[in-house]
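Everything below belongs to start.cif, which stores mmCIF, C-alpha atoms.
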```cif
data_target
loop_
_atom_site.label_atom_id
_atom_site.label_comp_id
_atom_site.auth_asym_id
_atom_site.auth_seq_id
_atom_site.Cartn_x
_atom_site.Cartn_y
_atom_site.Cartn_z
CA MET A 1 0.00 0.00 0.00
CA ASN A 2 1.32 3.44 -0.90
CA ASN A 3 0.72 6.35 1.45
CA CYS A 4 1.58 9.93 0.47
CA LEU A 5 0.82 11.19 3.99
CA ASN A 6 -2.44 12.84 2.82
CA CYS A 7 -4.38 9.95 1.38
CA LYS A 8 -4.83 6.21 1.68
CA TRP A 9 -4.04 3.95 -1.26
CA ASP A 10 -4.76 0.43 -2.36
CA TYR A 11 -2.13 -1.74 -4.02
CA GLN A 12 -2.95 -0.25 -7.44
CA ASP A 13 -2.31 3.31 -6.21
CA VAL A 14 -5.99 4.17 -6.53
CA CYS A 15 -7.44 6.57 -3.97
CA VAL A 16 -9.61 4.77 -1.43
CA CYS A 17 -9.94 7.64 1.03
CA ASP A 18 -13.44 7.83 2.49
CA LYS A 19 -13.31 11.66 2.33
CA SER A 20 -13.71 11.69 -1.44
CA PRO A 21 -15.21 15.22 -1.71
CA TYR A 22 -12.19 16.65 0.13
CA CYS A 23 -9.77 14.55 -1.91
CA ALA A 24 -11.34 15.40 -5.26
CA ASP A 25 -8.92 18.25 -5.78
CA PHE A 26 -5.94 15.98 -5.21
CA VAL A 27 -6.66 13.20 -7.70
CA ASN A 28 -6.62 13.10 -11.48
CA GLU A 29 -9.19 11.56 -13.80
CA TYR A 30 -7.77 8.09 -13.08
CA MET A 31 -8.18 8.60 -9.33
CA ILE A 32 -4.40 8.70 -8.98
CA CYS A 33 -3.22 11.26 -6.45
CA ASN A 34 -1.43 14.16 -8.07
CA LYS A 35 0.96 14.30 -5.13
CA PHE A 36 1.78 10.65 -5.69
CA GLU A 37 2.25 11.26 -9.41
CA GLU A 38 4.79 13.95 -8.59
CA LYS A 39 6.72 11.75 -6.18
CA LYS A 40 6.42 8.33 -7.77
CA ASN A 41 9.99 8.52 -9.03
CA MET A 42 11.33 8.93 -5.50
CA HIS A 43 12.88 5.91 -3.81
CA TYR A 44 13.09 5.36 -0.08
CA ILE A 45 14.50 2.80 2.32
CA TYR A 46 12.69 2.76 5.65
CA ILE A 47 14.43 2.63 9.03
CA GLU A 48 12.66 1.62 12.22
CA ASN A 49 14.37 1.12 15.59
CA ASP A 50 17.74 1.79 13.91
CA LYS A 51 17.22 -1.13 11.49
CA ILE A 52 16.23 -1.25 7.84
CA ASN A 53 12.63 -2.33 7.54
CA GLY A 54 11.60 -2.29 3.90
CA CYS A 55 11.46 0.17 1.06
CA GLY A 56 9.00 1.98 -1.17
CA GLN A 57 8.36 4.88 -3.48
CA CYS A 58 6.30 6.82 -0.96
CA GLN A 59 7.27 8.09 2.44
CA CYS A 60 6.22 5.99 5.41
CA THR A 61 4.66 7.80 8.37
CA ASN A 62 6.06 5.43 11.02
CA ALA A 63 9.69 5.26 9.91
CA LEU A 64 12.72 7.30 8.99
CA ASN A 65 12.58 7.69 5.20
CA VAL A 66 16.03 7.67 3.62
CA GLU A 67 15.99 8.74 -0.01
CA VAL A 68 18.24 6.62 -2.25
CA THR A 69 19.00 6.37 -5.95
CA LYS A 70 17.00 4.04 -8.17
CA GLU A 71 20.10 1.88 -8.61
CA ILE A 72 20.51 1.38 -4.86
CA TYR A 73 16.77 0.90 -4.47
CA ASP A 74 16.63 -1.81 -7.15
CA ASP A 75 19.71 -3.52 -5.72
CA PHE A 76 18.20 -3.43 -2.23
CA VAL A 77 15.02 -5.09 -3.49
CA GLU A 78 17.10 -7.97 -4.88
CA ASN A 79 19.69 -8.10 -2.08
CA PRO A 80 18.26 -6.60 1.14
CA ASP A 81 21.06 -8.00 3.32
CA LYS A 82 23.61 -6.06 1.28
CA TYR A 83 22.78 -2.77 3.03
CA LEU A 84 22.85 -1.47 6.59
CA ASN A 85 21.70 1.62 8.44
CA GLN A 86 24.59 3.70 9.72
CA ASN A 87 23.43 6.75 11.64
CA GLY A 88 20.53 7.33 9.30
CA GLU A 89 22.49 6.60 6.13
CA ILE A 90 22.21 3.53 3.92
CA VAL A 91 25.63 1.94 3.52
CA LEU A 92 27.00 -1.31 2.13
CA ASN A 93 27.22 -4.19 4.59
CA PRO A 94 30.97 -4.93 4.88
CA ASN A 95 30.21 -8.54 5.86
CA TYR A 96 27.76 -9.17 3.02
CA GLU A 97 30.02 -11.33 0.83
CA ALA A 98 31.19 -13.39 3.81
CA GLN A 99 27.60 -13.91 4.92
CA GLN A 100 26.57 -14.94 1.41
CA LEU A 101 29.44 -17.44 1.26
CA ILE A 102 28.40 -18.95 4.60
CA GLN A 103 24.81 -19.28 3.38
CA ALA A 104 25.93 -20.84 0.08
CA LYS A 105 28.02 -23.39 1.97
CA GLN A 106 25.12 -24.23 4.30
CA ASN A 107 22.84 -24.79 1.31
CA LYS A 108 25.41 -27.01 -0.41
CA GLN A 109 26.03 -28.99 2.79
CA GLN A 110 22.29 -29.59 3.07
CA GLU A 111 22.24 -30.78 -0.54
CA ASN A 112 25.10 -33.15 0.29
CA LEU A 113 23.22 -34.55 3.29
CA ASN A 114 19.98 -34.97 1.32
CA LYS A 115 21.72 -36.84 -1.48
CA ALA A 116 23.64 -39.04 0.94
CA ASN A 117 20.41 -40.05 2.68
CA GLU A 118 18.84 -40.73 -0.71
CA ALA A 119 21.82 -42.91 -1.64
CA VAL A 120 21.23 -45.00 1.48
CA LEU A 121 17.51 -45.18 0.81
CA LYS A 122 17.89 -46.26 -2.82
CA GLY A 123 21.22 -48.08 -2.62
CA TYR A 124 21.87 -51.80 -2.93
CA VAL A 125 24.53 -54.46 -2.55
CA THR A 126 24.94 -57.50 -4.75
CA TYR A 127 25.17 -61.01 -3.31
CA LYS A 128 24.95 -64.30 -5.25
CA GLY A 129 23.82 -62.38 -8.34
CA CYS A 130 20.92 -60.64 -6.56
CA GLN A 131 20.56 -57.07 -5.30
CA PHE A 132 19.58 -56.24 -1.71
CA GLU A 133 18.49 -52.78 -0.51
CA THR A 134 20.67 -50.86 1.91
CA ASN A 135 17.84 -48.88 3.51
CA THR A 136 17.13 -49.19 7.22
CA ASP A 137 13.78 -50.96 6.80
CA ASN A 138 15.25 -53.75 4.69
CA GLN A 139 18.23 -54.11 7.01
CA SER A 140 15.93 -54.37 10.03
CA ASN A 141 13.74 -56.96 8.30
CA MET A 142 16.76 -59.09 7.43
CA THR A 143 18.06 -58.91 11.00
CA ALA A 144 14.65 -59.87 12.41
CA THR A 145 14.35 -62.78 9.99
CA ALA A 146 17.83 -64.05 10.85
CA ASN A 147 17.03 -63.87 14.58
CA LEU A 148 13.78 -65.78 14.02
CA MET A 149 15.57 -68.45 11.99
CA GLN A 150 18.11 -68.88 14.73
CA ALA A 151 15.41 -69.12 17.41
CA GLN A 152 13.45 -71.71 15.42
CA GLY A 153 16.50 -73.66 14.28
CA LEU A 154 15.80 -73.06 10.57
CA GLU A 155 18.67 -73.63 8.17
CA ALA A 156 17.28 -71.48 5.32
CA THR A 157 14.32 -69.34 4.26
CA GLN A 158 12.97 -67.71 1.12
CA TRP A 159 13.67 -64.03 0.51
CA LEU A 160 12.82 -61.57 -2.24
CA SER A 161 15.65 -59.53 -3.69
CA LYS A 162 15.42 -55.86 -4.65
CA ASP A 163 14.12 -56.92 -8.07
CA ASN A 164 11.59 -59.33 -6.51
CA ILE A 165 13.66 -62.38 -7.41
CA PRO A 166 13.08 -65.21 -4.90
CA ILE A 167 16.25 -66.60 -3.37
CA GLU A 168 16.91 -69.06 -0.57
CA LEU A 169 19.11 -67.60 2.16
CA THR A 170 20.85 -69.25 5.08
CA LEU A 171 21.88 -67.62 8.35
CA GLU A 172 25.37 -67.27 6.93
CA ASP A 173 23.93 -65.53 3.86
CA PHE A 174 22.09 -63.01 6.03
CA LEU A 175 25.29 -62.28 7.95
CA ASN A 176 27.23 -61.85 4.71
CA ILE A 177 24.62 -59.49 3.25
CA GLY A 178 24.54 -57.52 6.50
CA GLY A 179 28.31 -57.12 6.28
CA LEU A 180 28.07 -55.84 2.71
CA ILE A 181 25.41 -53.31 3.72
CA LEU A 182 27.57 -52.13 6.63
CA ASN A 183 30.55 -51.67 4.31
CA TYR A 184 28.36 -49.80 1.82
CA LYS A 185 27.15 -47.32 4.45
CA THR A 186 30.58 -46.92 6.03
CA ASN A 187 32.15 -46.06 2.69
CA LEU A 188 29.32 -43.70 1.80
CA TRP A 189 29.49 -41.65 5.01
CA THR A 190 33.20 -41.76 5.84
CA ASN A 191 34.54 -41.37 2.31
CA VAL A 192 32.02 -39.95 -0.14
CA TYR A 193 29.90 -37.75 2.15
CA ALA A 194 32.89 -36.59 4.19
CA GLY A 195 34.81 -35.88 0.99
CA PHE A 196 32.11 -33.56 -0.34
CA GLU A 197 31.77 -31.99 3.11
CA ALA A 198 35.47 -31.10 3.18
CA GLN A 199 35.38 -29.83 -0.40
CA ILE A 200 32.48 -27.51 0.41
CA GLU A 201 34.15 -26.18 3.54
CA ALA A 202 37.37 -25.46 1.64
CA ALA A 203 35.62 -23.36 -1.03
CA GLN A 204 36.93 -19.79 -1.11
CA ASN A 205 34.02 -18.08 -2.84
CA ILE A 206 30.43 -18.64 -3.96
CA GLU A 207 31.49 -19.65 -7.47
CA ASP A 208 33.66 -22.41 -6.02
CA VAL A 209 30.70 -23.66 -3.98
CA GLU A 210 28.35 -23.61 -6.96
CA ASN A 211 30.86 -25.52 -9.08
CA ILE A 212 30.82 -28.49 -6.69
CA VAL A 213 28.70 -31.19 -8.31
CA ILE A 214 27.40 -33.64 -5.73
CA THR A 215 26.53 -37.03 -7.16
CA TYR A 216 26.08 -40.36 -5.41
CA GLU A 217 26.31 -43.26 -7.77
CA ASN A 218 25.59 -46.61 -6.14
CA GLN A 219 28.68 -46.98 -3.96
CA GLU A 220 29.00 -50.66 -4.76
CA ASP A 221 29.66 -49.84 -8.44
#
```
When written as structure tokens, how does the structure in this file appear?
Amino acid sequence: MNNCLNCKWDYQDVCVCDKSPYCADFVNEYMICNKFEEKKNMHYIYIENDKINGCGQCQCTNALNVEVTKEIYDDFVENPDKYLNQNGEIVLNPNYEAQQLIQAKQNKQQENLNKANEAVLKGYVTYKGCQFETNTDNQSNMTATANLMQAQGLEATQWLSKDNIPIELTLEDFLNIGGLILNYKTNLWTNVYAGFEAQIEAAQNIEDVENIVITYENQED
């Protein structure tokens, strides 16, 4: 909403003042305030409680209105953290680039974590020509089945592989598959994930961070 200190405005800069007879002399045929028309090329950044709190092309009644150039105004709209209030003046934030680099690294680290978790969820190990999922649910099911076999004295049981291929597995097979899954996860987190983590942390600028391509092929391959 624009406010020229005399009138009230909706988001389309149309006069919505309830004192229309009084305001008639201040609006043109399109119900646009003549005062606003005169000042619409002004650009302000608002300061409240010594902090920047928005911007606009009209003065705000409840804030310190600092007039700035259109270039600074447009840049502020795109990069609000780039500017600070310094004794009523709008100045560049000296820590802006460092803050942006920190944020870029945090975003890339989150991407790394998300893709690592996805690699565990969708990963597999190969045993006796069949693939077995590395996700926690499958690992828990295999452990529970092996414990049940041991309790009941069963030598073998039927199992479905990742591709729904039936295979007979013994207790030893379950232990072997469990070992493969453990190795898969250990390699993924201690080598691949940690490697990307270190690479991200070592980046010197935002371009370096953005150039890091995080991919997790199946770690068994």
Evaluate the PyMOL selection byres ((chain A and resi 71-78) around 8) against this structure - the residues, as a PDB file with C-alpha atoms, in the coordinates of the input, please.
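The new file expr.pdb reads:
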```pdb
ATOM      1  CA  HIS A  43      12.880   5.910  -3.810  1.00  0.00           C
ATOM      2  CA  TYR A  44      13.090   5.360  -0.080  1.00  0.00           C
ATOM      3  CA  ILE A  45      14.500   2.800   2.320  1.00  0.00           C
ATOM      4  CA  CYS A  55      11.460   0.170   1.060  1.00  0.00           C
ATOM      5  CA  VAL A  68      18.240   6.620  -2.250  1.00  0.00           C
ATOM      6  CA  THR A  69      19.000   6.370  -5.950  1.00  0.00           C
ATOM      7  CA  LYS A  70      17.000   4.040  -8.170  1.00  0.00           C
ATOM      8  CA  ASN A  79      19.690  -8.100  -2.080  1.00  0.00           C
ATOM      9  CA  PRO A  80      18.260  -6.600   1.140  1.00  0.00           C
ATOM     10  CA  ASP A  81      21.060  -8.000   3.320  1.00  0.00           C
ATOM     11  CA  LYS A  82      23.610  -6.060   1.280  1.00  0.00           C
ATOM     12  CA  TYR A  83      22.780  -2.770   3.030  1.00  0.00           C
TER      13      TYR A  83
END
```
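Using all atoms listed in the file, the residues found no farther than 12 Å from A:Ser140, other than those of its own chain fewer than 5 positions away, are Glu133, Thr134, Asn135, Thr145, Ala146, Asn147, Phe174, Gly178 and Ile181 of chain A.
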Hey, what comes out of the PyMOL selection byres ((chain A and resi 201) around 10) on this file? Could you write it as number ranges by chain? A: 102, 105-106, 108-109, 196-200, 202-204, 209
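Going from atom CA of A:Ile47 to atom CA of A:Asn65 covers 6.6 Å.
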A:Gly88 surroundings by all atoms listed in the file, 8 Å radius, close-in-sequence under 2 positions cut, as number ranges by chain: A: 47, 50, 64, 66, 85-86, 90
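Shortest separation to A:Ala98 among A:Thr215, A:Asn191, A:Leu160, A:Asn205 occurs at residue A:Asn205, atoms counted being all atoms listed in the file.
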If I take atom CA of A:Asp208 and atom CA of A:Trp189, how far is one from the other in Å, to one decimal? 22.6 Å
Two-atom distance - atom CA of A:Ile167, atom CA of A:Gly179 (Å): 18.1 Å
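Among the candidates A:Gln131, A:Gln150, A:Gln110, A:Thr143, the one nearest to A:Asp163 when counting all atoms listed in the file is A:Gln131.
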Taking all atoms of stretch 94-104 of chain A that appear in the file, build a box with edges along x, y and z, extend it by 3 Å on every side, and state its centre and edge lengths in Å to one decimal, as lines of an AutoDock Vina configuration file.
```
center_x = 28.0
center_y = -12.9
center_z = 3.0
size_x = 12.4
size_y = 21.9
size_z = 11.8
```
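The residues returned by the PyMOL selection byres ((chain A and resi 120-127) around 9) for this structure are Lys115, Ala116, Asn117, Glu118, Ala119, Lys128, Gly129, Cys130, Gln131, Phe132, Glu133, Thr134, Asn135, Thr136, Lys162, Asp173, Asn176, Ile177, Leu180, Ile181, Tyr184, Lys185, Leu188, Glu217, Asn218, Gln219 and Glu220 of chain A.
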